[in-house]
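Raw query.cif, mmCIF, C-alpha atoms and all ligand atoms:
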```cif
data_data
loop_
_atom_site.label_atom_id
_atom_site.label_comp_id
_atom_site.auth_asym_id
_atom_site.auth_seq_id
_atom_site.Cartn_x
_atom_site.Cartn_y
_atom_site.Cartn_z
CA MET A 1 0.00 0.00 0.00
CA LYS A 2 1.30 3.46 -0.92
CA SER A 3 2.14 5.47 2.22
CA GLU A 4 1.30 9.20 2.33
CA SER A 5 4.07 11.78 2.52
CA PRO A 6 3.97 14.11 5.59
CA ALA A 7 2.75 16.94 3.33
CA GLU A 8 -0.13 14.80 2.09
CA LYS A 9 -1.03 13.80 5.64
CA LYS A 10 -1.29 17.46 6.68
CA LYS A 11 -3.71 18.38 3.88
CA PRO A 12 -7.30 18.39 5.12
CA ASP A 13 -9.95 16.68 3.02
CA ILE A 14 -11.88 19.38 1.27
CA VAL A 15 -15.46 18.69 0.32
CA ILE A 16 -17.43 20.71 -2.21
CA ARG A 17 -21.11 20.62 -1.35
CA GLU A 18 -24.32 22.59 -1.57
CA MET A 19 -24.57 25.45 0.86
CA GLU A 20 -26.82 24.91 3.88
CA ILE A 21 -28.62 27.42 6.06
CA ASP A 22 -26.07 27.02 8.88
CA ASP A 23 -23.27 28.03 6.47
CA LEU A 24 -24.70 31.52 5.90
CA PRO A 25 -22.72 33.33 8.66
CA SER A 26 -19.42 31.61 7.70
CA VAL A 27 -19.87 32.50 4.04
CA TYR A 28 -20.69 36.08 4.94
CA HIS A 29 -17.61 36.45 7.17
CA LEU A 30 -15.31 34.83 4.62
CA GLY A 31 -16.61 37.28 2.01
CA GLU A 32 -16.05 40.16 4.42
CA ARG A 33 -12.37 39.21 4.60
CA LEU A 34 -12.05 38.80 0.84
CA PHE A 35 -14.08 41.72 -0.53
CA THR A 36 -12.48 44.51 1.45
CA SER A 37 -12.80 48.17 0.54
CA GLU A 38 -8.99 48.42 0.61
CA ASP A 39 -8.62 45.98 -2.24
CA LEU A 40 -11.77 47.00 -4.07
CA PRO A 41 -12.13 50.72 -3.32
CA ILE A 42 -15.00 51.53 -5.68
CA LEU A 43 -16.92 48.37 -5.22
CA TYR A 44 -19.75 48.54 -7.69
CA ARG A 45 -21.58 45.82 -5.86
CA THR A 46 -21.60 45.70 -2.10
CA TRP A 47 -20.94 42.58 -0.11
CA ASP A 48 -23.42 42.37 2.72
CA GLN A 49 -25.46 39.72 4.50
CA TYR A 50 -28.40 40.24 2.10
CA GLU A 51 -26.26 39.11 -0.83
CA VAL A 52 -25.76 35.77 0.89
CA THR A 53 -29.34 35.35 2.11
CA ASP A 54 -30.89 36.53 -1.18
CA TYR A 55 -28.88 34.18 -3.39
CA TYR A 56 -29.37 31.34 -0.96
CA SER A 57 -33.14 31.79 -0.73
CA SER A 58 -33.66 32.27 -4.46
CA ASP A 59 -31.05 29.88 -5.94
CA SER A 60 -29.77 27.47 -3.32
CA ASP A 61 -28.89 24.91 -6.05
CA TYR A 62 -26.29 27.37 -7.32
CA CYS A 63 -24.80 28.21 -3.93
CA LEU A 64 -21.89 25.93 -3.10
CA VAL A 65 -19.26 25.82 -0.41
CA ALA A 66 -15.86 24.21 0.10
CA GLU A 67 -15.46 22.76 3.56
CA ALA A 68 -12.18 21.71 5.19
CA ASN A 69 -12.45 19.91 8.55
CA GLY A 70 -15.81 21.54 9.23
CA ILE A 71 -14.65 25.04 8.28
CA ILE A 72 -15.95 26.94 5.25
CA VAL A 73 -12.93 27.91 3.14
CA GLY A 74 -14.60 28.79 -0.16
CA PHE A 75 -17.92 29.51 -1.78
CA VAL A 76 -19.68 30.41 -4.98
CA LEU A 77 -23.04 32.19 -5.21
CA ALA A 78 -24.68 32.13 -8.61
CA THR A 79 -28.03 32.48 -10.31
CA THR A 80 -29.63 32.28 -13.73
CA ILE A 81 -30.92 35.14 -15.84
CA GLU A 82 -33.68 34.74 -18.43
CA LYS A 83 -33.30 36.93 -21.51
CA GLU A 84 -35.91 36.47 -24.20
CA GLY A 85 -34.79 37.28 -27.72
CA THR A 86 -31.14 36.42 -27.05
CA ALA A 87 -29.19 33.47 -28.41
CA TRP A 88 -29.21 31.31 -25.29
CA LYS A 89 -32.31 32.64 -23.47
CA ARG A 90 -31.07 31.41 -20.07
CA TYR A 91 -27.70 32.46 -18.76
CA GLY A 92 -25.76 31.44 -15.68
CA TYR A 93 -24.34 34.31 -13.64
CA VAL A 94 -21.52 33.90 -11.13
CA ALA A 95 -22.30 36.67 -8.65
CA TRP A 96 -19.70 36.06 -5.96
CA MET A 97 -16.97 33.55 -5.41
CA GLY A 98 -14.14 33.42 -2.96
CA VAL A 99 -11.55 31.13 -1.47
CA ASP A 100 -9.84 31.76 1.87
CA GLU A 101 -6.40 33.25 1.19
CA SER A 102 -4.55 30.36 2.82
CA PHE A 103 -6.35 27.91 0.51
CA GLN A 104 -5.95 29.81 -2.75
CA ARG A 105 -4.14 28.27 -5.73
CA ARG A 106 -5.09 24.79 -4.55
CA LYS A 107 -7.79 24.30 -7.22
CA LEU A 108 -10.66 24.97 -4.83
CA GLY A 109 -12.00 27.77 -7.02
CA ARG A 110 -11.85 25.39 -9.95
CA ARG A 111 -13.66 22.61 -8.07
CA LEU A 112 -16.38 25.01 -6.94
CA TYR A 113 -16.81 26.43 -10.42
CA LYS A 114 -16.84 22.99 -12.11
CA LYS A 115 -19.57 21.75 -9.79
CA LEU A 116 -21.60 24.88 -10.43
CA GLU A 117 -21.11 24.46 -14.17
CA GLU A 118 -22.39 20.88 -14.01
CA GLU A 119 -25.55 22.07 -12.23
CA LEU A 120 -26.09 24.86 -14.76
CA LEU A 121 -25.54 22.54 -17.71
CA GLU A 122 -28.04 20.05 -16.32
CA ASP A 123 -30.57 22.89 -16.03
CA GLY A 124 -30.21 23.83 -19.70
CA VAL A 125 -27.81 26.76 -19.37
CA ARG A 126 -25.37 27.12 -22.26
CA MET A 127 -23.56 30.33 -21.39
CA VAL A 128 -22.17 31.58 -18.10
CA ILE A 129 -21.36 35.20 -17.32
CA ALA A 130 -19.02 36.46 -14.62
CA ASP A 131 -17.95 39.98 -13.83
CA THR A 132 -15.32 41.52 -11.65
CA GLU A 133 -13.41 44.77 -11.25
CA GLY A 134 -10.98 45.58 -14.06
CA GLY A 135 -8.10 45.63 -11.55
CA ASN A 136 -8.87 42.25 -10.01
CA ALA A 137 -6.09 40.44 -11.87
CA ASP A 138 -6.40 37.25 -9.77
CA ALA A 139 -10.08 36.84 -10.58
CA ILE A 140 -9.57 37.66 -14.26
CA SER A 141 -6.76 35.06 -14.51
CA PHE A 142 -8.96 32.57 -12.72
CA PHE A 143 -11.96 33.05 -15.01
CA LYS A 144 -9.74 32.93 -18.09
CA ALA A 145 -8.24 29.67 -16.82
CA GLU A 146 -11.79 28.31 -16.56
CA GLY A 147 -12.43 29.13 -20.22
CA PHE A 148 -14.07 32.56 -19.96
CA SER A 149 -13.14 35.20 -22.49
CA ARG A 150 -13.49 38.91 -22.10
CA ARG A 151 -16.74 39.90 -23.79
CA SER A 152 -17.03 43.57 -23.05
CA GLU A 153 -15.41 46.21 -20.96
CA HIS A 154 -17.65 48.01 -18.46
CA VAL A 155 -16.55 51.37 -17.23
CA TRP A 156 -17.79 52.41 -13.80
CA LEU A 157 -17.83 56.10 -13.06
CA ALA A 158 -18.10 57.55 -9.56
CA LYS A 159 -18.98 60.98 -8.25
CA THR A 160 -18.62 62.21 -4.67
CA LEU A 161 -21.68 64.24 -3.69
CA GLN A 162 -21.15 67.36 -1.60
CA ARG A 163 -23.61 69.50 0.32
CA SER A 164 -23.96 73.06 -0.88
CA ALA A 165 -21.91 75.69 0.99
CA LYS A 166 -25.18 77.45 2.01
CA LYS A 167 -26.53 74.31 3.73
CA ALA A 168 -23.20 73.62 5.44
CA ALA A 169 -23.10 77.20 6.82
CA LYS A 170 -26.72 76.89 8.03
CA ARG A 171 -25.86 73.68 9.87
CA LYS A 172 -22.81 75.29 11.47
CA ARG A 173 -24.90 78.27 12.66
CA ALA A 174 -27.48 75.94 14.18
CA GLN A 175 -24.75 74.00 16.01
CA VAL A 176 -23.29 77.23 17.43
CA ALA A 177 -26.77 78.35 18.55
CA SER A 178 -27.57 75.09 20.39
CA PRO A 179 -24.35 73.14 20.88
CA GLU A 180 -25.81 70.83 23.57
CA THR A 181 -28.54 69.36 21.32
CA GLY A 182 -26.16 68.48 18.51
CA GLU A 183 -29.25 68.42 16.27
CA ARG A 184 -28.85 68.50 12.55
CA ALA A 185 -30.31 71.59 10.97
CA ASP A 186 -31.15 70.11 7.58
C1 LIG A 201 -10.51 34.11 -7.76
C2 LIG A 201 -10.36 33.02 -6.70
C3 LIG A 201 -11.76 32.57 -6.26
C4 LIG A 201 -9.61 31.83 -7.31
O1 LIG A 201 -9.64 30.73 -6.41
P1 LIG A 201 -8.44 29.67 -6.29
O2 LIG A 201 -8.94 28.52 -5.52
O3 LIG A 201 -7.21 30.32 -5.77
O4 LIG A 201 -8.19 29.25 -7.82
P2 LIG A 201 -7.64 27.85 -8.38
O5 LIG A 201 -6.55 27.34 -7.49
O6 LIG A 201 -8.78 26.93 -8.61
O7 LIG A 201 -7.03 28.32 -9.76
C5 LIG A 201 -7.33 27.70 -11.00
C6 LIG A 201 -6.52 28.41 -12.06
O8 LIG A 201 -6.91 29.79 -12.17
C7 LIG A 201 -5.77 30.62 -12.39
N1 LIG A 201 -5.53 31.46 -11.21
C8 LIG A 201 -6.19 31.44 -10.02
N2 LIG A 201 -5.72 32.39 -9.18
C9 LIG A 201 -4.74 33.02 -9.85
C10 LIG A 201 -3.88 34.10 -9.51
N3 LIG A 201 -3.92 34.69 -8.31
N4 LIG A 201 -2.98 34.51 -10.44
C11 LIG A 201 -2.92 33.92 -11.65
N5 LIG A 201 -3.71 32.89 -12.04
C12 LIG A 201 -4.61 32.45 -11.15
C13 LIG A 201 -4.60 29.66 -12.57
O9 LIG A 201 -4.50 29.33 -13.96
C14 LIG A 201 -5.05 28.46 -11.76
O10 LIG A 201 -4.42 27.25 -12.17
P3 LIG A 201 -2.90 26.93 -11.68
O11 LIG A 201 -2.87 27.15 -10.20
O12 LIG A 201 -2.69 25.52 -12.09
O13 LIG A 201 -2.01 27.90 -12.40
C15 LIG A 201 -9.54 33.52 -5.47
O14 LIG A 201 -8.37 34.14 -5.95
C16 LIG A 201 -10.28 34.54 -4.60
O15 LIG A 201 -11.03 34.16 -3.71
N6 LIG A 201 -10.05 35.84 -4.82
C17 LIG A 201 -10.64 36.92 -3.98
C18 LIG A 201 -12.13 37.10 -4.22
C19 LIG A 201 -12.44 37.44 -5.68
O16 LIG A 201 -11.80 38.29 -6.27
N7 LIG A 201 -13.46 36.73 -6.25
C20 LIG A 201 -13.82 36.84 -7.65
C21 LIG A 201 -14.82 37.92 -7.93
S1 LIG A 201 -16.39 37.72 -7.18
#
```

Can you turn what I pasted into C-alpha cells?
Amino acid sequence: MKSESPAEKKKPDIVIREMEIDDLPSVYHLGERLFTSEDLPILYRTWDQYEVTDYYSSDSDYCLVAEANGIIVGFVLATTIEKEGTAWKRYGYVAWMGVDESFQRRKLGRRLYKKLEEELLEDGVRMVIADTEGGNADAISFFKAEGFSRRSEHVWLAKTLQRSAKKAAKRKRAQVASPETGERAD
C-alpha cells in the first residue's frame, strides 16, 4: 500500500457541497475578509449579509461551499438570468466567489466552479457570465483559466456628492446656537 508523505497527511480533506442554512454566517464572514474596501475601493456591488441570504433563498442549487475539517474555506453564489430574444435565453451568472487566502491556488476555485457548471448545464444553461473589477487580476486570470473570455469592458464612473456651501453654513450656525442638542439643521 502506498504510504502518504507528511505533506499529504497534513492536507485536510476538502469537500465541495451545496450550501446549507447554517453556512450563511461563515460564508458572509469569509466574504467580508475577501471583498475589502482596501482591495476593491470603488466596489460597484456591495458585499453584505443580504447578498448571501438573497442568493441562498432564491437559488440554493447554485450556492456551493468548500469545507475543510468543518470550516468553510470557499464559496460560490450564482443564479440564472432569463433573456428572451437572445441566443441562449437562459444564462448562468456567477455573482460572488471566494476562497480563503490560505487555501488559494489549490484548485478549490476550480472545483467550486466545475460543480456549479455541471448544475447549470443540467438545467439547460449554455452560457455563463461572470464579472469583476478591471483591476482584479487574480479573478480575471482565474476566469480565463476556466475558459471565460473577455466579452465587453464596463466602465464604472463615480462621483462624490457634496452638500452646498449654504446648507453647510446653516448647519454650522445651528450648532453654534444650540451646541448641547447636537441636532442637525437640515
Ligand atoms: C478568484 C479566486 C476565487 C480563485 O480561487 P483559487 O482557488 O485560488 O483558484 P484555483 O486554485 O482553482 O485556480 C485555478 C486556475 O486559475 C488561475 N488562477 C487562479 N488564481 C490566480 C492568480 N492569483 N494569479 C494567476 N492565475 C490564477 C490559474 O490558472 C489556476 O491554475 P494553476 O494554479 O494551475 O495555475 C480567489 O483568488 C479569490 O477568492 N479571490 C478573492 C475574491 C475574488 O476576487 N473573487 C472573484 C470575484 S467575485

Could you build a table of the residues in chain A lying no more than 6 Å from ligand LIG 201 (chain A), giving for each the nearest pair of atoms and their separation in Å rounded to one decimal place, using all atoms listed in the file, ordered by chain and ascending residue number, as a tab-separated table?
```
residue	atom	partner	partner_atom	distance
A:Leu34	CA	A:LIG201	C18	5.3
A:Trp96	CA	A:LIG201	S1	3.9
A:Met97	CA	A:LIG201	S1	4.6
A:Gly98	CA	A:LIG201	O15	3.3
A:Val99	CA	A:LIG201	O15	3.8
A:Gln104	CA	A:LIG201	O3	3.3
A:Arg105	CA	A:LIG201	O5	3.1
A:Arg106	CA	A:LIG201	O5	4.2
A:Lys107	CA	A:LIG201	O6	3.1
A:Leu108	CA	A:LIG201	O2	4.0
A:Gly109	CA	A:LIG201	O2	3.5
A:Arg110	CA	A:LIG201	O6	3.7
A:Thr132	CA	A:LIG201	C21	5.2
A:Asp138	CA	A:LIG201	N3	3.9
A:Ala139	CA	A:LIG201	C1	3.9
A:Ser141	CA	A:LIG201	N5	4.5
A:Phe142	CA	A:LIG201	O8	3.5
A:Ala145	CA	A:LIG201	O9	4.7
```

Nearest residue to Gly124 in chain A out of A:Thr53, A:Ser178, A:Thr80, A:Thr36, using all atoms listed in the file?
A:Thr80

What is the distance between CA of Ala95 in chain A and CA of Leu77 in chain A, in Å to one decimal?
5.7 Å

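Nearest to Thr86 in chain A of all the residues A:Lys159, A:Arg126, A:Lys167, A:His29 is A:Arg126, counting only C-alpha atoms.
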
With all atoms listed in the file as the counted atoms, please give the residues lying no more than 12 Å from Ala130 in chain A, apart from itself and same-chain residues fewer than 5 positions off, as a CSV table (one decimal) with C-alpha atoms, in the coordinates of the input.
```
chain,number,residue,atom,x,y,z
A,76,VAL,CA,-19.7,30.4,-5.0
A,77,LEU,CA,-23.0,32.2,-5.2
A,78,ALA,CA,-24.7,32.1,-8.6
A,79,THR,CA,-28.0,32.5,-10.3
A,80,THR,CA,-29.6,32.3,-13.7
A,91,TYR,CA,-27.7,32.5,-18.8
A,92,GLY,CA,-25.8,31.4,-15.7
A,93,TYR,CA,-24.3,34.3,-13.6
A,94,VAL,CA,-21.5,33.9,-11.1
A,95,ALA,CA,-22.3,36.7,-8.6
A,96,TRP,CA,-19.7,36.1,-6.0
A,97,MET,CA,-17.0,33.6,-5.4
A,113,TYR,CA,-16.8,26.4,-10.4
A,139,ALA,CA,-10.1,36.8,-10.6
A,140,ILE,CA,-9.6,37.7,-14.3
A,142,PHE,CA,-9.0,32.6,-12.7
A,143,PHE,CA,-12.0,33.0,-15.0
A,144,LYS,CA,-9.7,32.9,-18.1
A,146,GLU,CA,-11.8,28.3,-16.6
A,147,GLY,CA,-12.4,29.1,-20.2
A,148,PHE,CA,-14.1,32.6,-20.0
A,149,SER,CA,-13.1,35.2,-22.5
A,150,ARG,CA,-13.5,38.9,-22.1
A,151,ARG,CA,-16.7,39.9,-23.8
A,152,SER,CA,-17.0,43.6,-23.0
```

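Every protein or nucleic acid residue with an atom no more than 10 Å from range 65-67 of chain A, counting only C-alpha atoms and leaving out same-chain residues fewer than 3 positions away, appears here: Pro12, Asp13, Ile14, Val15, Ile16, Arg17, Glu18, Met19, Glu20, Asp23, Ser26, Val27, Tyr62, Gly70, Ile71, Ile72, Val73, Gly74, Phe75, Val76, Leu77, Met97, Gly98, Val99, Asp100, Leu108, Gly109, Arg111 and Leu112 of chain A.
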
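Reported to one decimal place, the separation of CA of Gln49 in chain A from CA of Tyr28 in chain A is 6.0 Å.
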
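Interatomic distance, CA of Glu122 in chain A to CA of Glu51 in chain A: 24.6 Å.
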
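For the choices A:Glu32, A:Glu82, A:Asp22, A:Glu119, the atom-to-atom distance to Asp61 in chain A is smallest for A:Glu119 when using only C-alpha atoms.
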
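Between Arg45 in chain A and the residues A:Lys89, A:Lys170, A:Glu133, A:Ala68, the shortest atom-to-atom distance, using only C-alpha atoms, involves A:Glu133.
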
Pick the closest to Cys63 in chain A from A:Leu30, A:Leu116, A:Leu157, A:Leu121: which is it, counting all atoms listed in the file?
A:Leu116

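With all atoms listed in the file as the basis for measurement, A:Glu117 is the residue among A:Asn69, A:Glu117, A:Ser102, A:Glu84 that approaches Ile129 in chain A most closely.
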